[in-house]
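Quick notes on the structure that follows.
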Amino acid sequence: MADDRPVPLDEYPVHQVPLSMKHVATGDRNAYDRCIFHVLDHEGRALLILGLGVYPNVGVIDAYATLRTGDTLHAVRASDALGDDRMHLAVGPLRIEVEEPLRRLRLRCDYNSLSYDLTWTAEFPALWEPHHVQYRGDRLTLEGRRFVQAGGVEGVIRAGDEEFRVSPGGWTGTRDRSWGVRPIPGEEGGRLAEDHPTEGFHWIWCPVRFEDRFLMVVVQEDADGYRTLNDATVVRPGHRDRQLGWPQAEITYRPGTRHPERAVIHLGGTRKPQELEVEILASSPLAIGAGYPPADDWQHGTWHGRAWTDTRTYDLTQPTPLAAYGVTDHAARFRLDGRLGHGIFEHGTFGRHDPSGFTGFDSVAP
C-alpha cells in the first residue's frame, strides 16, 4: 500500500484530475514532462545545452548537459528511478533549482569533465507556443504544450582546461518547458508505421533575445510543404504580444549537406514586411550527446538502472551521420530592423521537402 500513499504535492490545491500528483491523467507510456536550456556566448565560443525530463509511466527521470567549444563536444548524462518528490529536479551531478517560478532558476552540474553554476534570470514574460499535435494514421503520437522564455545568465562554466565567466552582457539564455505525450524509445510502429511512412520533416524553432523585445518563430512542415505548426510572435514588456504572420524562411545550406550557413526569415503582420537575418555562430546536433533521436548511445526516457551517470567527449570534425537525421541547435546572431539579437536557430530537415528542393532522404544542397 505504500506506493498508493499521498505525495507532498497533494497538500496543495493544484490537481487537474482526481488522482494523486504522482500520476498523470494518461496511461500512455510516452507521457513526459521536461525542459531544455540554451546558454550561448555572443561570439560563438561556447554553446551549453542542458535539460531534465520526467517520464512518469515508465518510472524514469533523466538529465543531460552538452557544451560545444571549438570542435569538441563535452557531454554528461544521468538517469535514475523516478521518486515521489517532483519538485526535486536533480539527477546525479545535474540539478535545476526553481528559485522564483518564471523568473529565476539556478543551473548546476558538478562533474570532472564538465561543471557549471549558473543563475538564469528572465527578462521577458513566458510565451505559450502553439498546441503541438501529430498523428500517424489515426493514432495520436505527439501532443505537447510548451512555453518559451529568454533572459540573462550569470556564473561560470568549466570543461577540461577551459573556463568561461558568464555574464548577461555577453551571453544569452533561452529555455523551453514542455509536457504531454511524445514518443520515447521502445515504441513499436507496427502496421501504422508501414501504412503511413514518414516521407519528410522540416522544422524551425527560433527564440531570439533582443535588448528590448523577445521574438519567437516556430514552423513545422510535411514533405509537400503543408504547414502543421506556425507562429511568429514578438513579446515586449508592458505591451500586448504582437503576431507577425506567416514566417517564410530562405535557408542557405553548405553545399553537399543540409547544414545551414545562414538564413533570412520573412515576417509579416505589419504594413512593412520584416526580415530576420540569421548568422550561424556554433552548432550542436541534439542526437550527439543530448539524447534526442536518433541518438545511438542514450535517449531520453530509457532505463539504465539506478544512479546511472555517463560522460562522453565527441570530436565534431569527424563525420556524424546521425546528425543528418535529427535536429541541430545553432547558436546564432540575428538582425531585425537595425536591432542586434542572439538566440537559437534550431533546425531539422530530412526526407523530402518540396519547398526546399529536397527529393528524399539522400538529397542534399547543390
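Residue names in the C-alpha cells use chain letters A, B, ... in the order shown, residue numbers from 1 in each chain, and ligand numbers from 1 in the order shown.
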If you take only C-alpha atoms and a cut-off of 10 Å, which residues of stretch 301-327 of chain A touch stretch 67-90 of chain A, and what are their nearest atom pairs and distances in Å to one decimal, in chain and number order, as JSON lines?
```
{"residue": "A:Gly301", "atom": "CA", "partner": "A:Ser79", "partner_atom": "CA", "distance": 8.5}
{"residue": "A:Thr302", "atom": "CA", "partner": "A:Ser79", "partner_atom": "CA", "distance": 8.3}
{"residue": "A:Trp303", "atom": "CA", "partner": "A:Ser79", "partner_atom": "CA", "distance": 7.4}
{"residue": "A:His304", "atom": "CA", "partner": "A:Ser79", "partner_atom": "CA", "distance": 6.7}
{"residue": "A:Gly305", "atom": "CA", "partner": "A:Asp80", "partner_atom": "CA", "distance": 6.4}
{"residue": "A:Arg306", "atom": "CA", "partner": "A:Asp80", "partner_atom": "CA", "distance": 4.7}
{"residue": "A:Ala307", "atom": "CA", "partner": "A:Asp80", "partner_atom": "CA", "distance": 5.0}
{"residue": "A:Trp308", "atom": "CA", "partner": "A:Ser79", "partner_atom": "CA", "distance": 5.2}
{"residue": "A:Thr309", "atom": "CA", "partner": "A:Ala78", "partner_atom": "CA", "distance": 4.3}
{"residue": "A:Asp310", "atom": "CA", "partner": "A:Arg77", "partner_atom": "CA", "distance": 5.2}
{"residue": "A:Thr311", "atom": "CA", "partner": "A:Val76", "partner_atom": "CA", "distance": 4.5}
{"residue": "A:Arg312", "atom": "CA", "partner": "A:Ala75", "partner_atom": "CA", "distance": 5.1}
{"residue": "A:Thr313", "atom": "CA", "partner": "A:His74", "partner_atom": "CA", "distance": 4.7}
{"residue": "A:Tyr314", "atom": "CA", "partner": "A:Leu73", "partner_atom": "CA", "distance": 5.0}
{"residue": "A:Asp315", "atom": "CA", "partner": "A:Thr72", "partner_atom": "CA", "distance": 5.1}
{"residue": "A:Leu316", "atom": "CA", "partner": "A:Asp71", "partner_atom": "CA", "distance": 5.1}
{"residue": "A:Thr317", "atom": "CA", "partner": "A:Asp71", "partner_atom": "CA", "distance": 6.1}
{"residue": "A:Gln318", "atom": "CA", "partner": "A:Asp71", "partner_atom": "CA", "distance": 9.3}
```
| A:Asn57 environment, 8 Å, only C-alpha atoms, sequence neighbours closer than 4 positions dropped, as number ranges by chain | A: 27-31
Between stretch 59-160 of chain A and stretch 166-190 of chain A, at 12 Å or less, what are the per-residue closest atom pairs and their distances in Å? Count only C-alpha atoms, order by chain and rising residue number, and return it as a Markdown table.
```
| residue | atom | partner | partner_atom | distance |
| --- | --- | --- | --- | --- |
| A:Val60 | CA | A:Ile184 | CA | 11.3 |
| A:Leu102 | CA | A:Arg175 | CA | 10.5 |
| A:Arg103 | CA | A:Arg175 | CA | 11.5 |
| A:Arg104 | CA | A:Gly173 | CA | 11.6 |
| A:Leu105 | CA | A:Arg175 | CA | 10.6 |
| A:Leu107 | CA | A:Gly173 | CA | 11.4 |
| A:Tyr116 | CA | A:Val166 | CA | 9.9 |
| A:Asp117 | CA | A:Val166 | CA | 9.7 |
| A:Leu118 | CA | A:Val166 | CA | 7.9 |
| A:Thr119 | CA | A:Val166 | CA | 9.6 |
| A:Trp120 | CA | A:Gly173 | CA | 6.9 |
| A:Thr121 | CA | A:Gly173 | CA | 8.3 |
| A:Ala122 | CA | A:Gly173 | CA | 8.5 |
| A:Glu123 | CA | A:Gly173 | CA | 9.8 |
| A:Phe124 | CA | A:Thr174 | CA | 10.5 |
| A:Pro125 | CA | A:Arg175 | CA | 11.9 |
| A:Ala126 | CA | A:Asp176 | CA | 9.3 |
| A:Leu127 | CA | A:Asp176 | CA | 9.6 |
| A:Trp128 | CA | A:Arg177 | CA | 9.6 |
| A:Glu129 | CA | A:Asp176 | CA | 9.5 |
| A:Pro130 | CA | A:Ser178 | CA | 11.3 |
| A:His131 | CA | A:Gly180 | CA | 10.3 |
| A:His132 | CA | A:Gly180 | CA | 9.5 |
| A:Val133 | CA | A:Val181 | CA | 9.4 |
| A:Gln134 | CA | A:Arg182 | CA | 9.4 |
| A:Tyr135 | CA | A:Arg182 | CA | 11.0 |
| A:Arg136 | CA | A:Gly189 | CA | 9.2 |
| A:Gly137 | CA | A:Gly189 | CA | 11.0 |
| A:Arg139 | CA | A:Gly189 | CA | 10.4 |
| A:Leu140 | CA | A:Val181 | CA | 8.8 |
| A:Thr141 | CA | A:Arg182 | CA | 6.5 |
| A:Leu142 | CA | A:Arg182 | CA | 4.7 |
| A:Glu143 | CA | A:Val181 | CA | 5.2 |
| A:Gly144 | CA | A:Gly180 | CA | 4.5 |
| A:Arg145 | CA | A:Ser178 | CA | 5.4 |
| A:Arg146 | CA | A:Ser178 | CA | 4.2 |
| A:Phe147 | CA | A:Arg177 | CA | 5.4 |
| A:Val148 | CA | A:Asp176 | CA | 4.5 |
| A:Gln149 | CA | A:Arg175 | CA | 5.5 |
| A:Ala150 | CA | A:Thr174 | CA | 4.3 |
| A:Gly151 | CA | A:Gly173 | CA | 5.3 |
| A:Gly152 | CA | A:Pro168 | CA | 4.6 |
| A:Val153 | CA | A:Pro168 | CA | 5.2 |
| A:Glu154 | CA | A:Ser167 | CA | 4.5 |
| A:Gly155 | CA | A:Val166 | CA | 5.0 |
| A:Val156 | CA | A:Val166 | CA | 5.5 |
| A:Ile157 | CA | A:Val166 | CA | 7.4 |
| A:Arg158 | CA | A:Val166 | CA | 10.6 |
```
Keeping N, CA and C atoms, export the residues of the selection given above as a tab-separated table (two decimals), in the first residue's frame.
```
chain	number	residue	atom	x	y	z
A	60	VAL	N	11.02	6.88	-14.95
A	60	VAL	CA	12.38	7.34	-15.22
A	60	VAL	C	12.45	8.86	-15.07
A	102	LEU	N	9.12	31.15	-13.13
A	102	LEU	CA	9.00	32.01	-14.31
A	102	LEU	C	9.91	33.24	-14.26
A	103	ARG	N	10.83	33.24	-13.30
A	103	ARG	CA	11.69	34.42	-13.15
A	103	ARG	C	13.17	34.07	-12.97
A	104	ARG	N	13.50	33.20	-12.04
A	104	ARG	CA	14.91	32.94	-11.76
A	104	ARG	C	15.12	31.46	-11.43
A	105	LEU	N	16.10	30.84	-12.11
A	105	LEU	CA	16.44	29.45	-11.88
A	105	LEU	C	17.95	29.32	-11.75
A	107	LEU	N	21.12	26.68	-12.31
A	107	LEU	CA	21.50	25.51	-13.09
A	107	LEU	C	22.88	25.06	-12.63
A	116	TYR	N	29.27	23.50	-14.13
A	116	TYR	CA	28.77	24.87	-14.25
A	116	TYR	C	27.92	25.20	-13.04
A	117	ASP	N	27.84	26.48	-12.75
A	117	ASP	CA	26.97	27.02	-11.71
A	117	ASP	C	26.46	28.34	-12.26
A	118	LEU	N	25.20	28.36	-12.69
A	118	LEU	CA	24.65	29.49	-13.42
A	118	LEU	C	23.32	29.92	-12.82
A	119	THR	N	23.08	31.21	-12.83
A	119	THR	CA	21.77	31.75	-12.48
A	119	THR	C	21.14	32.32	-13.74
A	120	TRP	N	20.00	31.76	-14.10
A	120	TRP	CA	19.25	32.19	-15.28
A	120	TRP	C	18.12	33.10	-14.82
A	121	THR	N	18.07	34.32	-15.37
A	121	THR	CA	17.07	35.30	-14.96
A	121	THR	C	16.27	35.76	-16.16
A	122	ALA	N	14.95	35.62	-16.09
A	122	ALA	CA	14.08	36.01	-17.20
A	122	ALA	C	14.08	37.52	-17.38
A	123	GLU	N	14.09	37.97	-18.64
A	123	GLU	CA	13.98	39.38	-18.97
A	123	GLU	C	12.66	39.70	-19.68
A	124	PHE	N	11.93	38.63	-20.05
A	124	PHE	CA	10.66	38.80	-20.75
A	124	PHE	C	9.66	37.79	-20.21
A	125	PRO	N	8.37	38.09	-20.28
A	125	PRO	CA	7.36	37.13	-19.83
A	125	PRO	C	7.43	35.85	-20.65
A	126	ALA	N	7.04	34.73	-20.06
A	126	ALA	CA	6.98	33.46	-20.77
A	126	ALA	C	5.88	33.53	-21.84
A	127	LEU	N	6.13	32.85	-22.95
A	127	LEU	CA	5.21	32.86	-24.08
A	127	LEU	C	4.76	31.45	-24.39
A	128	TRP	N	3.45	31.25	-24.47
A	128	TRP	CA	2.93	29.95	-24.91
A	128	TRP	C	3.26	29.73	-26.37
A	129	GLU	N	3.72	28.54	-26.69
A	129	GLU	CA	3.84	28.13	-28.08
A	129	GLU	C	2.54	27.46	-28.52
A	130	PRO	N	2.31	27.31	-29.83
A	130	PRO	CA	1.08	26.66	-30.28
A	130	PRO	C	0.96	25.23	-29.75
A	131	HIS	N	-0.26	24.81	-29.53
A	131	HIS	CA	-0.54	23.43	-29.14
A	131	HIS	C	-0.03	22.50	-30.23
A	132	HIS	N	0.84	21.57	-29.87
A	132	HIS	CA	1.55	20.75	-30.84
A	132	HIS	C	0.95	19.35	-30.88
A	133	VAL	N	0.43	18.96	-32.03
A	133	VAL	CA	-0.24	17.66	-32.19
A	133	VAL	C	0.26	16.99	-33.45
A	134	GLN	N	0.56	15.69	-33.35
A	134	GLN	CA	0.94	14.90	-34.51
A	134	GLN	C	0.23	13.54	-34.47
A	135	TYR	N	-0.14	13.06	-35.64
A	135	TYR	CA	-0.77	11.74	-35.78
A	135	TYR	C	0.02	10.88	-36.74
A	136	ARG	N	-0.05	9.60	-36.56
A	136	ARG	CA	0.39	8.63	-37.57
A	136	ARG	C	-0.83	7.80	-37.91
A	137	GLY	N	-1.39	8.08	-39.08
A	137	GLY	CA	-2.69	7.50	-39.38
A	137	GLY	C	-3.71	8.09	-38.43
A	139	ARG	N	-3.65	7.40	-35.17
A	139	ARG	CA	-3.11	7.33	-33.82
A	139	ARG	C	-2.39	8.62	-33.45
A	140	LEU	N	-2.74	9.16	-32.28
A	140	LEU	CA	-2.06	10.33	-31.74
A	140	LEU	C	-0.68	9.90	-31.24
A	141	THR	N	0.36	10.46	-31.81
A	141	THR	CA	1.72	10.10	-31.41
A	141	THR	C	2.40	11.19	-30.60
A	142	LEU	N	1.94	12.44	-30.76
A	142	LEU	CA	2.54	13.54	-30.01
A	142	LEU	C	1.46	14.57	-29.70
A	143	GLU	N	1.36	14.94	-28.45
A	143	GLU	CA	0.53	16.07	-28.04
A	143	GLU	C	1.26	16.77	-26.91
A	144	GLY	N	1.74	17.98	-27.19
A	144	GLY	CA	2.53	18.68	-26.20
A	144	GLY	C	2.13	20.14	-26.10
A	145	ARG	N	2.37	20.68	-24.91
A	145	ARG	CA	2.19	22.11	-24.68
A	145	ARG	C	3.50	22.65	-24.17
A	146	ARG	N	3.90	23.82	-24.70
A	146	ARG	CA	5.20	24.37	-24.34
A	146	ARG	C	5.09	25.86	-24.08
A	147	PHE	N	5.99	26.34	-23.22
A	147	PHE	CA	6.22	27.78	-23.17
A	147	PHE	C	7.72	28.03	-23.30
A	148	VAL	N	8.05	29.23	-23.81
A	148	VAL	CA	9.43	29.58	-24.10
A	148	VAL	C	9.72	30.93	-23.48
A	149	GLN	N	11.00	31.18	-23.16
A	149	GLN	CA	11.37	32.40	-22.45
A	149	GLN	C	12.84	32.69	-22.69
A	150	ALA	N	13.21	33.97	-22.61
A	150	ALA	CA	14.61	34.36	-22.79
A	150	ALA	C	15.05	35.28	-21.67
A	151	GLY	N	16.36	35.28	-21.40
A	151	GLY	CA	16.86	36.13	-20.34
A	151	GLY	C	18.37	36.18	-20.31
A	152	GLY	N	18.89	36.65	-19.19
A	152	GLY	CA	20.32	36.75	-18.98
A	152	GLY	C	20.82	35.62	-18.10
A	153	VAL	N	22.11	35.35	-18.19
A	153	VAL	CA	22.73	34.26	-17.43
A	153	VAL	C	24.02	34.78	-16.81
A	154	GLU	N	24.28	34.33	-15.58
A	154	GLU	CA	25.49	34.75	-14.88
A	154	GLU	C	26.06	33.57	-14.11
A	155	GLY	N	27.39	33.43	-14.14
A	155	GLY	CA	28.03	32.35	-13.40
A	155	GLY	C	29.30	31.89	-14.09
A	156	VAL	N	29.59	30.60	-14.00
A	156	VAL	CA	30.83	30.06	-14.54
A	156	VAL	C	30.57	28.69	-15.15
A	157	ILE	N	31.29	28.40	-16.25
A	157	ILE	CA	31.27	27.09	-16.91
A	157	ILE	C	32.72	26.62	-17.03
A	158	ARG	N	32.96	25.35	-16.70
A	158	ARG	CA	34.31	24.78	-16.82
A	158	ARG	C	34.23	23.46	-17.58
```
| For the atom pair atom CA of A:Thr66 and atom CA of A:Gly343, what is the interatomic distance in Å to one decimal place? | 16.7 Å
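Nearest residue to A:Pro207, choosing from A:Phe345, A:Arg242, A:Gly268, A:Ser284 and counting only C-alpha atoms: A:Phe345.
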| field | Which residue of A:Glu250, A:Asp110, A:Glu43, A:Glu279 approaches A:Ile344 most closely, using only C-alpha atoms | value | A:Glu279
| task | Run DSSP on the backbone and give me the residues of stretch 120-352 of chain A it puts in strand (DSSP E), as a ChimeraX atom specification. | result | /A:120-122,127-128,132-136,139-159,162-166,171-181,200-209,214-222,227-235,242-243,248-253,260-267,274-285,308-315,328-336,339-351
Write the selection just made, keeping C-alpha atoms, as a short mmCIF file (atom, residue, chain, number, x, y, z; two decimals), in the first residue's frame?
```cif
data_model
loop_
_atom_site.label_atom_id
_atom_site.label_comp_id
_atom_site.auth_asym_id
_atom_site.auth_seq_id
_atom_site.Cartn_x
_atom_site.Cartn_y
_atom_site.Cartn_z
CA TRP A 120 19.25 32.19 -15.28
CA THR A 121 17.07 35.30 -14.96
CA ALA A 122 14.08 36.01 -17.20
CA LEU A 127 5.21 32.86 -24.08
CA TRP A 128 2.93 29.95 -24.91
CA HIS A 132 1.55 20.75 -30.84
CA VAL A 133 -0.24 17.66 -32.19
CA GLN A 134 0.94 14.90 -34.51
CA TYR A 135 -0.77 11.74 -35.78
CA ARG A 136 0.39 8.63 -37.57
CA ARG A 139 -3.11 7.33 -33.82
CA LEU A 140 -2.06 10.33 -31.74
CA THR A 141 1.72 10.10 -31.41
CA LEU A 142 2.54 13.54 -30.01
CA GLU A 143 0.53 16.07 -28.04
CA GLY A 144 2.53 18.68 -26.20
CA ARG A 145 2.19 22.11 -24.68
CA ARG A 146 5.20 24.37 -24.34
CA PHE A 147 6.22 27.78 -23.17
CA VAL A 148 9.43 29.58 -24.10
CA GLN A 149 11.37 32.40 -22.45
CA ALA A 150 14.61 34.36 -22.79
CA GLY A 151 16.86 36.13 -20.34
CA GLY A 152 20.32 36.75 -18.98
CA VAL A 153 22.73 34.26 -17.43
CA GLU A 154 25.49 34.75 -14.88
CA GLY A 155 28.03 32.35 -13.40
CA VAL A 156 30.83 30.06 -14.54
CA ILE A 157 31.27 27.09 -16.91
CA ARG A 158 34.31 24.78 -16.82
CA ALA A 159 35.29 21.99 -19.21
CA GLU A 162 38.75 25.95 -20.23
CA GLU A 163 36.78 28.31 -18.02
CA PHE A 164 34.09 30.72 -19.15
CA ARG A 165 32.89 33.59 -16.99
CA VAL A 166 29.27 34.08 -17.97
CA TRP A 171 25.75 35.73 -23.08
CA THR A 172 22.09 34.87 -23.71
CA GLY A 173 19.91 32.20 -22.14
CA THR A 174 16.73 30.72 -23.60
CA ARG A 175 14.56 27.97 -22.20
CA ASP A 176 11.62 25.80 -23.18
CA ARG A 177 9.23 23.86 -20.91
CA SER A 178 7.04 21.17 -22.42
CA TRP A 179 4.82 18.32 -21.30
CA GLY A 180 2.29 15.89 -22.70
CA VAL A 181 2.86 12.77 -24.82
CA GLY A 200 9.81 14.15 -44.84
CA PHE A 201 10.01 16.58 -41.95
CA HIS A 202 11.01 20.25 -41.87
CA TRP A 203 11.37 22.17 -38.58
CA ILE A 204 12.44 25.63 -37.41
CA TRP A 205 12.32 26.68 -33.74
CA CYS A 206 13.83 30.08 -33.15
CA PRO A 207 13.81 32.04 -29.83
CA VAL A 208 15.65 35.37 -30.11
CA ARG A 209 16.54 37.85 -27.36
CA PHE A 214 11.79 38.76 -27.47
CA LEU A 215 10.89 37.09 -30.76
CA MET A 216 9.72 33.50 -31.17
CA VAL A 217 9.34 31.76 -34.52
CA VAL A 218 8.27 28.13 -34.94
CA VAL A 219 7.48 26.29 -38.19
CA GLN A 220 6.82 22.64 -38.95
CA GLU A 221 6.07 21.34 -42.45
CA ASP A 222 5.40 17.99 -44.10
CA ARG A 227 2.32 23.51 -42.54
CA THR A 228 1.28 21.81 -39.29
CA LEU A 229 2.79 24.32 -36.85
CA ASN A 230 3.13 28.04 -37.41
CA ASP A 231 3.81 31.05 -35.20
CA ALA A 232 5.84 34.25 -35.10
CA THR A 233 5.25 36.43 -32.04
CA VAL A 234 7.03 39.43 -30.51
CA VAL A 235 6.96 39.92 -26.73
CA ARG A 242 2.23 41.04 -31.47
CA GLN A 243 1.85 38.36 -34.13
CA GLN A 248 8.81 32.14 -44.63
CA ALA A 249 12.44 31.04 -44.42
CA GLU A 250 15.16 31.21 -47.06
CA ILE A 251 17.98 28.97 -45.85
CA THR A 252 21.41 28.78 -47.45
CA TYR A 253 22.89 25.32 -46.87
CA PRO A 260 22.51 25.83 -42.67
CA GLU A 261 25.15 28.52 -43.01
CA ARG A 262 22.77 31.48 -42.86
CA ALA A 263 19.09 32.25 -43.31
CA VAL A 264 16.56 35.01 -43.79
CA ILE A 265 13.09 34.62 -42.25
CA HIS A 266 10.46 36.86 -43.82
CA LEU A 267 7.91 38.08 -41.28
CA GLN A 274 10.28 42.49 -41.86
CA GLU A 275 13.33 40.33 -42.44
CA LEU A 276 15.03 38.39 -39.66
CA GLU A 277 18.63 37.73 -40.68
CA VAL A 278 20.30 34.66 -39.16
CA GLU A 279 24.07 34.25 -38.83
CA ILE A 280 25.16 30.84 -37.51
CA LEU A 281 27.86 31.00 -34.79
CA ALA A 282 28.12 27.45 -33.40
CA SER A 283 26.20 24.22 -33.91
CA SER A 284 25.33 21.29 -31.67
CA PRO A 285 23.39 18.28 -33.07
CA TRP A 308 23.43 5.87 -13.85
CA THR A 309 25.88 8.55 -14.96
CA ASP A 310 27.80 8.70 -18.22
CA THR A 311 30.25 11.17 -19.73
CA ARG A 312 31.46 11.44 -23.32
CA THR A 313 33.66 13.69 -25.41
CA TYR A 314 32.90 13.95 -29.12
CA ASP A 315 35.16 15.18 -31.91
CA THR A 328 20.54 20.63 -34.65
CA ASP A 329 20.65 23.65 -32.36
CA HIS A 330 22.62 26.55 -33.78
CA ALA A 331 23.73 29.45 -31.61
CA ALA A 332 23.09 32.46 -33.83
CA ARG A 333 23.35 36.21 -34.21
CA PHE A 334 20.17 37.87 -35.50
CA ARG A 335 19.36 41.23 -37.06
CA LEU A 336 15.87 42.73 -37.34
CA ARG A 339 18.39 45.61 -33.89
CA LEU A 340 21.02 43.04 -32.94
CA GLY A 341 19.89 39.93 -31.09
CA HIS A 342 21.10 36.49 -30.05
CA GLY A 343 19.39 33.16 -29.63
CA ILE A 344 18.89 29.72 -31.14
CA PHE A 345 18.17 28.70 -34.71
CA GLU A 346 17.01 25.12 -34.18
CA HIS A 347 16.59 23.35 -37.47
CA GLY A 348 15.97 19.89 -38.82
CA THR A 349 15.10 18.84 -42.35
CA PHE A 350 15.23 15.26 -43.51
CA GLY A 351 13.48 13.26 -46.17
#
```
